[in-house]
$ cat target.tsv   # TSV, C-alpha atoms
chain	number	residue	atom	x	y	z
A	1	MET	CA	52.04	93.12	51.35
A	2	ARG	CA	50.22	89.84	51.21
A	3	VAL	CA	47.18	91.44	49.45
A	4	GLY	CA	49.37	92.92	46.72
A	5	THR	CA	51.16	89.61	46.17
A	6	ARG	CA	47.92	87.76	45.81
A	7	PHE	CA	46.61	90.35	43.36
A	8	LEU	CA	49.71	90.08	41.18
A	9	MET	CA	49.58	86.27	41.14
A	10	SER	CA	45.89	86.15	40.13
A	11	GLY	CA	46.46	88.71	37.34
A	12	GLY	CA	49.40	86.70	35.99
A	13	LEU	CA	47.35	83.49	35.93
A	14	LEU	CA	44.53	85.19	34.02
A	15	LEU	CA	46.99	86.62	31.50
A	16	LEU	CA	48.60	83.22	31.00
A	17	ALA	CA	45.21	81.53	30.40
A	18	ALA	CA	44.22	84.14	27.82
A	19	CYS	CA	47.39	83.74	25.77
A	20	THR	CA	47.44	79.92	25.59
A	21	ARG	CA	45.38	77.78	23.05
A	22	THR	CA	42.74	75.19	23.99
A	23	ILE	CA	43.77	71.70	22.81
A	24	ILE	CA	41.09	69.00	22.43
A	25	VAL	CA	42.32	65.45	22.43
A	26	GLN	CA	40.23	63.15	20.15
A	27	GLY	CA	40.48	59.38	20.19
A	28	PRO	CA	41.13	57.22	17.10
A	29	SER	CA	38.13	57.08	14.73
A	30	ARG	CA	36.67	53.74	13.82
A	31	GLN	CA	37.17	52.70	10.24
A	32	PRO	CA	34.62	50.43	8.47
A	33	THR	CA	35.75	46.89	8.21
A	34	GLY	CA	36.26	45.35	4.78
A	35	SER	CA	38.68	45.36	1.88
A	36	ARG	CA	37.03	48.28	-0.03
A	37	PRO	CA	36.77	51.85	1.30
A	38	PRO	CA	33.28	53.40	1.53
A	39	PRO	CA	32.14	55.35	-1.54
A	40	ARG	CA	32.78	59.04	-1.48
A	41	THR	CA	29.89	61.43	-1.94
A	42	PRO	CA	30.86	64.59	-3.87
A	43	PRO	CA	30.16	67.83	-1.99
A	44	GLY	CA	26.80	69.45	-2.68
A	45	GLN	CA	25.16	66.18	-3.77
A	46	ASP	CA	22.88	64.30	-1.42
A	47	THR	CA	22.26	60.60	-1.47
A	48	PRO	CA	19.21	59.84	-3.74
A	49	ALA	CA	16.19	58.87	-1.72
A	50	GLN	CA	14.99	55.34	-2.30
A	51	PRO	CA	11.27	55.02	-3.32
A	52	PRO	CA	9.13	53.55	-0.59
A	53	THR	CA	8.34	49.90	-1.14
A	54	VAL	CA	4.81	48.70	-0.55
A	55	GLU	CA	4.87	45.60	1.56
A	56	VAL	CA	2.02	43.20	1.01
A	57	ARG	CA	1.53	41.08	4.09
A	58	THR	CA	0.60	37.47	3.63
A	59	ASN	CA	-2.26	35.69	5.35
A	60	ASP	CA	-4.39	38.87	5.07
A	61	VAL	CA	-6.73	37.56	2.38
A	62	LEU	CA	-8.71	34.96	4.25
A	63	ILE	CA	-11.70	33.70	2.20
A	64	PRO	CA	-13.28	30.57	3.62
A	65	PRO	CA	-12.98	27.57	1.26
A	66	GLY	CA	-16.76	27.21	1.14
A	67	HIS	CA	-17.10	30.72	-0.27
A	68	LEU	CA	-14.60	30.33	-3.13
A	69	PRO	CA	-15.99	30.03	-6.71
A	70	ASN	CA	-15.99	26.78	-8.62
A	71	PRO	CA	-12.91	25.94	-10.74
A	72	GLY	CA	-13.00	27.92	-13.96
A	73	GLU	CA	-15.55	30.46	-12.61
A	74	CYS	CA	-15.57	33.80	-10.79
A	75	ARG	CA	-17.40	35.68	-8.04
A	76	ILE	CA	-17.54	39.21	-6.56
A	77	TRP	CA	-16.10	39.69	-3.05
A	78	ILE	CA	-16.47	42.85	-0.89
A	79	PRO	CA	-13.42	43.18	1.43
A	80	GLY	CA	-14.28	43.88	5.05
A	81	ARG	CA	-17.76	42.34	4.81
A	82	ALA	CA	-18.79	39.10	6.52
A	83	PRO	CA	-18.78	35.98	4.27
A	84	GLY	CA	-22.50	35.43	4.82
A	85	ARG	CA	-23.32	38.94	3.55
A	86	GLN	CA	-21.31	38.76	0.32
A	87	PRO	CA	-23.15	39.37	-3.01
A	88	ARG	CA	-24.62	36.37	-4.77
A	89	PRO	CA	-24.22	34.15	-6.70
A	90	ARG	CA	-21.27	32.38	-5.10
A	91	SER	CA	-20.00	31.14	-8.47
A	92	ARG	CA	-20.80	32.29	-12.00
A	93	ALA	CA	-19.22	32.61	-15.44
A	94	CYS	CA	-16.43	35.18	-15.75
A	95	ALA	CA	-17.77	36.74	-18.95
A	96	GLY	CA	-19.22	40.19	-18.22
A	97	ILE	CA	-18.58	40.06	-14.46
A	98	GLU	CA	-16.48	43.26	-14.51
A	99	ALA	CA	-19.56	45.25	-15.53
A	100	LEU	CA	-21.26	44.18	-12.26
A	101	ALA	CA	-18.30	44.75	-9.90
A	102	PRO	CA	-18.83	47.80	-7.61
A	103	ALA	CA	-16.06	50.23	-6.62
A	104	GLY	CA	-13.53	48.86	-4.10
A	105	SER	CA	-14.54	45.21	-4.64
A	106	TRP	CA	-12.56	42.12	-5.75
A	107	ILE	CA	-13.15	39.61	-8.53
A	108	VAL	CA	-12.04	36.15	-7.33
A	109	TYR	CA	-11.15	33.57	-10.00
A	110	ARG	CA	-10.00	29.95	-9.75
A	111	ARG	CA	-8.29	28.22	-12.65
A	112	ALA	CA	-9.72	24.92	-13.81
A	113	ASP	CA	-6.32	23.32	-14.52
A	114	ASP	CA	-4.67	24.45	-11.26
A	115	GLN	CA	-7.10	24.87	-8.36
A	116	ARG	CA	-4.29	25.83	-5.98
A	117	LEU	CA	-3.88	29.27	-7.56
A	118	ILE	CA	-6.41	31.99	-6.75
A	119	TYR	CA	-6.48	35.14	-8.91
A	120	ILE	CA	-7.87	38.37	-7.40
A	121	ARG	CA	-8.60	41.45	-9.52
A	122	LEU	CA	-8.74	44.67	-7.50
A	123	ILE	CA	-11.40	47.19	-8.62
A	124	ASP	CA	-10.70	50.92	-8.31
A	125	GLU	CA	-12.09	52.49	-5.11
A	126	ARG	CA	-13.84	55.33	-6.97
A	127	ARG	CA	-14.67	53.87	-10.39
A	128	PRO	CA	-16.69	50.64	-10.63
A	129	SER	CA	-15.75	47.95	-13.19
A	130	ILE	CA	-12.18	49.33	-13.51
A	131	VAL	CA	-9.43	46.75	-12.72
A	132	ILE	CA	-6.26	48.42	-11.40
A	133	ARG	CA	-4.21	45.47	-10.10
A	134	ASN	CA	-3.98	41.66	-10.32
A	135	ARG	CA	-2.75	39.50	-7.42
A	136	ILE	CA	-2.08	35.75	-7.42
A	137	PHE	CA	-2.27	33.85	-4.12
A	138	ASP	CA	-1.60	30.31	-2.99
A	139	GLY	CA	-4.97	28.88	-1.99
A	140	TYR	CA	-3.47	26.62	0.71
A	141	THR	CA	-1.26	29.11	2.58
A	142	TRP	CA	-2.68	32.43	1.25
A	143	GLU	CA	0.81	33.66	0.42
A	144	LEU	CA	1.17	36.32	-2.27
A	145	LEU	CA	2.98	34.74	-5.22
A	146	ARG	CA	2.91	37.54	-7.75
A	147	GLU	CA	1.42	41.00	-8.29
A	148	GLU	CA	0.81	42.50	-11.72
A	149	GLU	CA	-0.02	46.01	-12.86
A	150	VAL	CA	-2.84	46.62	-15.33
A	151	ARG	CA	-1.86	48.65	-18.37
A	152	GLU	CA	-3.39	52.10	-18.65
A	153	GLU	CA	-4.85	51.51	-22.11
A	154	ARG	CA	-6.83	48.54	-20.79
A	155	ARG	CA	-8.49	50.47	-17.95
A	156	GLY	CA	-11.79	52.33	-18.01
A	157	ASP	CA	-14.29	52.70	-20.76
A	158	ASP	CA	-13.46	52.31	-24.38
A	159	ARG	CA	-14.96	55.76	-24.96
A	160	GLN	CA	-11.62	57.38	-24.06
A	161	GLY	CA	-9.89	55.29	-26.73
A	162	GLN	CA	-12.53	56.28	-29.27
A	163	GLU	CA	-12.05	59.98	-28.44
A	164	ARG	CA	-8.29	59.61	-28.83
A	165	GLU	CA	-8.76	57.97	-32.21
A	166	ARG	CA	-11.01	60.80	-33.31
A	167	GLU	CA	-8.56	63.49	-32.16
A	168	ARG	CA	-5.59	61.78	-33.83
A	169	PRO	CA	-4.97	63.33	-37.28
A	170	ARG	CA	-5.22	60.95	-40.17
A	171	GLU	CA	-2.13	60.44	-42.22
A	172	GLN	CA	-2.57	61.35	-45.86
A	173	PRO	CA	-0.42	59.64	-48.49
A	174	VAL	CA	2.16	61.89	-50.11
A	175	ASN	CA	1.51	60.64	-53.63
A	176	PRO	CA	-1.91	58.96	-53.77
A	177	PRO	CA	-2.16	56.30	-56.47
A	178	PRO	CA	-4.30	57.17	-59.49
A	179	VAL	CA	-7.84	55.84	-59.44
A	180	VAL	CA	-8.15	53.19	-62.14
A	181	GLN	CA	-11.71	52.50	-63.20
A	182	PRO	CA	-12.76	49.24	-64.85
A	183	PRO	CA	-13.39	49.40	-68.59
A	184	GLY	CA	-17.15	48.97	-68.14
A	185	ASN	CA	-17.57	52.01	-65.82
A	186	ARG	CA	-15.41	54.59	-67.61
A	187	PRO	CA	-17.19	57.86	-68.52
A	188	PRO	CA	-17.39	58.71	-72.21
A	189	GLU	CA	-14.53	60.80	-73.46
A	190	LEU	CA	-15.41	64.35	-74.53
A	191	LYS	CA	-14.46	64.98	-78.14
A	192	PRO	CA	-13.72	68.50	-79.38
A	193	PRO	CA	-16.39	70.00	-81.68
A	194	GLU	CA	-15.77	69.46	-85.36
A	195	GLN	CA	-14.59	72.46	-87.31
A	196	ARG	CA	-16.76	72.89	-90.38
A	197	PRO	CA	-15.90	75.13	-93.35
A	198	PRO	CA	-17.68	78.54	-93.48
A	199	GLU	CA	-19.93	77.39	-96.37
A	200	GLN	CA	-21.42	74.53	-94.23
A	201	ARG	CA	-22.03	76.56	-91.12
A	202	LEU	CA	-25.35	78.05	-90.12
A	203	PRO	CA	-25.93	81.71	-91.09
A	204	GLU	CA	-25.76	82.75	-87.44
A	205	GLN	CA	-22.33	81.10	-87.06
A	206	ARG	CA	-20.76	82.70	-90.12
A	207	PRO	CA	-18.85	85.99	-90.00
A	208	PRO	CA	-20.91	89.12	-90.87
A	209	GLU	CA	-19.33	89.58	-94.31
A	210	GLN	CA	-20.25	86.01	-95.33
A	211	ARG	CA	-23.89	86.03	-94.14
A	212	PRO	CA	-26.67	86.13	-96.83
A	213	PRO	CA	-28.67	89.39	-97.23
A	214	VAL	CA	-31.73	89.72	-95.04
A	215	PRO	CA	-35.01	89.96	-97.04
A	216	PRO	CA	-36.99	93.23	-96.58
A	217	ARG	CA	-39.76	93.19	-94.04
A	218	GLU	CA	-43.37	93.23	-95.23
A	219	ILE	CA	-45.10	96.54	-94.90
A	220	ILE	CA	-48.36	96.21	-92.98
A	221	PRO	CA	-50.90	98.91	-93.90
A	222	THR	CA	-52.16	100.92	-90.98
A	223	VAL	CA	-55.91	101.17	-90.42
A	224	PRO	CA	-57.35	104.47	-89.15
A	225	ARG	CA	-58.95	104.42	-85.74
A	226	ASP	CA	-62.35	105.66	-87.00
A	227	THR	CA	-62.89	102.64	-89.21
A	228	GLN	CA	-64.33	99.54	-87.52
A	229	VAL	CA	-62.72	96.29	-88.26
A	230	GLN	CA	-65.14	93.50	-88.92
A	231	ARG	CA	-64.35	90.55	-86.75
A	232	PRO	CA	-65.54	87.10	-87.54
A	233	PRO	CA	-68.49	85.89	-85.43
A	234	VAL	CA	-67.65	83.86	-82.39
A	235	GLN	CA	-68.92	80.32	-82.62
A	236	PRO	CA	-70.04	78.50	-79.48
A	237	PRO	CA	-67.91	75.58	-78.42
A	238	VAL	CA	-68.89	72.22	-79.71
A	239	GLN	CA	-70.43	70.12	-76.99
A	240	GLN	CA	-68.69	66.84	-76.66
A	241	PRO	CA	-70.28	63.76	-75.17
A	242	PRO	CA	-69.44	63.16	-71.54
A	243	PRO	CA	-66.61	60.74	-71.01
A	244	ARG	CA	-67.45	57.25	-69.98
A	245	ASP	CA	-66.73	56.04	-66.52
A	246	THR	CA	-63.49	54.40	-67.34
A	247	GLN	CA	-60.94	54.05	-64.60
A	248	PRO	CA	-57.33	53.04	-65.24
A	249	PRO	CA	-56.35	49.68	-63.83
A	250	VAL	CA	-55.10	49.94	-60.28
A	251	GLN	CA	-51.59	48.68	-60.00
A	252	PRO	CA	-50.46	47.07	-56.75
A	253	PRO	CA	-47.87	49.07	-54.76
A	254	VAL	CA	-44.30	48.11	-55.34
A	255	GLN	CA	-42.94	46.28	-52.32
A	256	PRO	CA	-39.36	47.14	-51.35
A	257	PRO	CA	-36.95	44.22	-51.68
A	258	GLN	CA	-36.51	42.35	-48.44
A	259	PRO	CA	-32.92	42.06	-47.17
A	260	PRO	CA	-31.50	38.56	-47.37
A	261	VAL	CA	-31.71	36.58	-44.14
A	262	PRO	CA	-28.24	35.42	-43.02
A	263	ASN	CA	-27.65	31.70	-42.61
A	264	VAL	CA	-27.48	31.59	-38.80
A	265	THR	CA	-28.37	28.56	-36.68
A	266	LEU	CA	-29.26	28.36	-32.97
A	267	ASN	CA	-26.83	26.33	-30.84
A	268	ILE	CA	-28.70	26.32	-27.51
A	269	PRO	CA	-29.80	22.93	-26.13
A	270	PRO	CA	-33.58	22.61	-25.60
A	271	GLY	CA	-33.11	21.82	-21.91
A	272	HIS	CA	-31.53	25.23	-21.30
A	273	LEU	CA	-34.34	27.30	-22.88
A	274	PRO	CA	-36.60	29.40	-20.59
A	275	ASP	CA	-40.22	28.52	-19.86
A	276	LEU	CA	-43.10	29.83	-21.95
A	277	GLY	CA	-43.67	33.54	-21.33
A	278	GLU	CA	-40.34	33.94	-19.42
A	279	CYS	CA	-36.74	34.97	-20.16
A	280	ARG	CA	-33.15	34.17	-19.23
A	281	VAL	CA	-29.62	35.64	-19.79
A	282	TRP	CA	-27.30	33.67	-22.11
A	283	ILE	CA	-23.55	34.34	-22.57
A	284	PRO	CA	-22.44	33.23	-26.09
A	285	GLY	CA	-19.28	31.13	-26.12
A	286	VAL	CA	-19.76	29.84	-22.54
A	287	PRO	CA	-20.65	26.14	-22.02
A	288	PRO	CA	-24.31	25.51	-21.10
A	289	GLY	CA	-23.39	24.18	-17.66
A	290	GLN	CA	-21.56	27.41	-16.78
A	291	GLN	CA	-24.33	29.84	-17.83
A	292	ALA	CA	-25.75	32.40	-15.39
A	293	LYS	CA	-28.58	31.28	-13.11
A	294	PRO	CA	-31.57	31.12	-12.95
A	295	LYS	CA	-32.56	29.18	-16.05
A	296	SER	CA	-35.97	30.89	-16.30
A	297	ARG	CA	-37.30	34.09	-14.70
A	298	PRO	CA	-39.84	36.87	-15.47
A	299	CYS	CA	-38.80	39.29	-18.20
A	300	ASP	CA	-39.38	42.44	-16.10
A	301	GLY	CA	-36.04	44.10	-15.25
A	302	ILE	CA	-33.89	41.45	-16.93
A	303	LEU	CA	-32.14	44.02	-19.14
A	304	SER	CA	-30.68	45.72	-16.05
A	305	VAL	CA	-28.68	42.57	-15.20
A	306	ALA	CA	-27.72	41.62	-18.77
A	307	PRO	CA	-23.95	42.20	-19.24
A	308	ALA	CA	-22.35	43.50	-22.43
A	309	ALA	CA	-22.19	41.10	-25.44
A	310	SER	CA	-24.84	38.79	-23.91
A	311	TRP	CA	-28.23	37.54	-25.17
A	312	VAL	CA	-31.68	37.73	-23.57
A	313	LEU	CA	-33.76	34.67	-24.57
A	314	TYR	CA	-37.57	34.99	-24.60
A	315	ARG	CA	-40.22	32.37	-25.46
A	316	PRO	CA	-43.62	33.92	-26.24
A	317	ALA	CA	-46.56	32.08	-24.69
A	318	SER	CA	-48.65	32.55	-27.84
A	319	ASP	CA	-46.22	30.65	-30.11
A	320	ARG	CA	-44.02	27.96	-28.59
A	321	THR	CA	-42.26	27.15	-31.89
A	322	VAL	CA	-40.21	30.39	-32.00
A	323	LEU	CA	-37.53	31.94	-29.81
A	324	HIS	CA	-36.76	35.68	-29.58
A	325	VAL	CA	-33.08	36.54	-29.01
A	326	ARG	CA	-32.27	40.11	-27.95
A	327	MET	CA	-28.61	40.87	-28.63
A	328	ILE	CA	-26.92	43.23	-26.12
A	329	ASP	CA	-24.32	45.77	-27.28
A	330	GLU	CA	-20.69	44.58	-26.98
A	331	ARG	CA	-19.62	47.64	-24.93
A	332	ARG	CA	-22.80	48.87	-23.20
A	333	ALA	CA	-24.57	46.58	-20.77
A	334	GLY	CA	-28.38	46.41	-20.96
A	335	VAL	CA	-28.63	48.08	-24.44
A	336	VAL	CA	-30.43	45.98	-27.10
A	337	VAL	CA	-29.05	46.52	-30.63
A	338	ARG	CA	-30.83	43.74	-32.61
A	339	ILE	CA	-33.62	41.16	-32.23
A	340	ARG	CA	-33.41	37.78	-33.95
A	341	ILE	CA	-36.30	35.29	-34.21
A	342	PHE	CA	-35.40	31.59	-34.59
A	343	ASP	CA	-37.48	28.51	-35.40
A	344	LEU	CA	-37.01	25.94	-32.62
A	345	ASP	CA	-37.78	22.96	-34.88
A	346	SER	CA	-35.17	23.71	-37.57
A	347	LYS	CA	-33.03	26.07	-35.36
A	348	ARG	CA	-32.72	28.47	-38.29
A	349	LEU	CA	-33.06	32.25	-38.35
A	350	ILE	CA	-36.47	33.44	-39.56
A	351	ARG	CA	-35.95	37.21	-39.55
A	352	GLU	CA	-34.15	40.10	-37.89
A	353	GLU	CA	-35.70	43.22	-36.37
A	354	ASN	CA	-34.43	46.50	-34.98
A	355	PRO	CA	-35.37	47.34	-31.38
$ encode --input "target.tsv" --output "structure tokens"
Amino acid sequence: MRVGTRFLMSGGLLLLAACTRTIIVQGPSRQPTGSRPPPRTPPGQDTPAQPPTVEVRTNDVLIPPGHLPNPGECRIWIPGRAPGRQPRPRSRACAGIEALAPAGSWIVYRRADDQRLIYIRLIDERRPSIVIRNRIFDGYTWELLREEEVREERRGDDRQGQERERERPREQPVNPPPVVQPPGNRPPELKPPEQRPPEQRLPEQRPPEQRPPVPPREIIPTVPRDTQVQRPPVQPPVQQPPPRDTQPPVQPPVQPPQPPVPNVTLNIPPGHLPDLGECRVWIPGVPPGQQAKPKSRPCDGILSVAPAASWVLYRPASDRTVLHVRMIDERRAGVVVRIRIFDLDSKRLIREENP
């Protein structure tokens, strides 16, 4: 009796639990504080991801004050290398320094009017002489003040720009203006041939019915083959006296006209010229006190360190009154495009030569 009662009670409890619903009690949700409700995001649209910001930490660029360039000049700095092992010189003119900067290096520049600001040009890590970013620091606290991007058209060689100019089609004018020649260079106008009457024309130009009759041909008598024709005797050639030894006057060869020498003067102080038999690199437009050192050195291998648009000065030991100036190409470092020879007394150009 008791076993049956217990069995019926347990079956009823299981049946009651299966028929009832499970109720979950949830507490009040927290609402964001503020007067405006949070923005609603439409279904199916995720929140746009924000681009990662590059944080530039301050006090990372630590260049000792004794290794900074002079005001108004530049130097090359290799990050991660000890100050005593940095490339020399410590300070030099900024003209042409990008051509000497290796990949992954910096070009440090100090302004002459504000020595507190330090400009650092970052060179690409794979391509030497290519500036990819400019950073401006405070020289006292080494805090980053401003960072500038370098435009794409200013990077790299100018050969890419030349190739783009060549590939770009040239625009042709729709209606080109007529070419007007001056009165002195006009070609003679072609006049139509004059029409003459038939009586004044040549017999070949007249019509067939108006041509004069052709006279009969002369009849040449034929000579039989058996008869011998008497030919006149052949006379020997008359001997002429030998010509005298007369030679035509020898005319001197015609010299080609020499090109005019441009009126160019030399503006280099005598104290900054190299020694006899030696050379030096000169940057045009840079003051004499800011020129690259040394003032005089041997000429062997000097073209390898000559930047673009610079001069290589040479004083021959055989003639101390002249100065040879080798002009470097404006875009290719170490390539001589013209040689000018100046007189040191009058500082005038004597002649120009091709390398």
$ closest_residue --input "target.tsv" --among "A:Ala82, A:Arg92, A:Pro316, A:Leu273" --to "Pro69 in chain A" --atoms "all atoms listed in the file"
A:Arg92
$ residues_around --input "target.tsv" --residues "Cys94 in chain A" --least-positions-apart "6" --cutoff "8 Å" --atoms "only C-alpha atoms" --output "list of chain:residue names"
A:Glu73, A:Cys74, A:Arg75, A:Tyr109
$ atom_distance --input "target.tsv" --atom1 "CA of Val336 in chain A" --atom2 "CA of Ser105 in chain A"
27.5 Å
$ closest_residue --input "target.tsv" --among "A:Ala93, A:Ala103, A:Val234, A:Ile123" --to "Gly285 in chain A" --atoms "all atoms listed in the file"
A:Ala93
$ residues_around --input "target.tsv" --residues "Pro287 in chain A" --least-positions-apart "2" --cutoff "12 Å" --atoms "only C-alpha atoms" --output "ChimeraX atom specification"
/A:72-73,92-95,267-269,272,282-285,289-292
$ residues_around --input "target.tsv" --residues "Ala101 in chain A" --least-positions-apart "3" --cutoff "12 Å" --atoms "all atoms listed in the file" --output "PyMOL selection string"
chain A and resi 74-78+87-88+94+96-98+104-108+121-131+305+307
$ write_last_selection --input "target.tsv" --atoms "C-alpha atoms" --output "compact mmCIF listing (two decimals), in the coordinates of the input"
# COMPACT_ATOMS: atom_id res chain seq x y z
CA CYS A 74 -15.57 33.80 -10.79
CA ARG A 75 -17.40 35.68 -8.04
CA ILE A 76 -17.54 39.21 -6.56
CA TRP A 77 -16.10 39.69 -3.05
CA ILE A 78 -16.47 42.85 -0.89
CA PRO A 87 -23.15 39.37 -3.01
CA ARG A 88 -24.62 36.37 -4.77
CA CYS A 94 -16.43 35.18 -15.75
CA GLY A 96 -19.22 40.19 -18.22
CA ILE A 97 -18.58 40.06 -14.46
CA GLU A 98 -16.48 43.26 -14.51
CA GLY A 104 -13.53 48.86 -4.10
CA SER A 105 -14.54 45.21 -4.64
CA TRP A 106 -12.56 42.12 -5.75
CA ILE A 107 -13.15 39.61 -8.53
CA VAL A 108 -12.04 36.15 -7.33
CA ARG A 121 -8.60 41.45 -9.52
CA LEU A 122 -8.74 44.67 -7.50
CA ILE A 123 -11.40 47.19 -8.62
CA ASP A 124 -10.70 50.92 -8.31
CA GLU A 125 -12.09 52.49 -5.11
CA ARG A 126 -13.84 55.33 -6.97
CA ARG A 127 -14.67 53.87 -10.39
CA PRO A 128 -16.69 50.64 -10.63
CA SER A 129 -15.75 47.95 -13.19
CA ILE A 130 -12.18 49.33 -13.51
CA VAL A 131 -9.43 46.75 -12.72
CA VAL A 305 -28.68 42.57 -15.20
CA PRO A 307 -23.95 42.20 -19.24
$ residues_around --input "target.tsv" --residues "Arg297 in chain A" --least-positions-apart "3" --cutoff "9 Å" --atoms "all atoms listed in the file" --output "ChimeraX atom specification"
/A:274-275,278-280,294,300,302
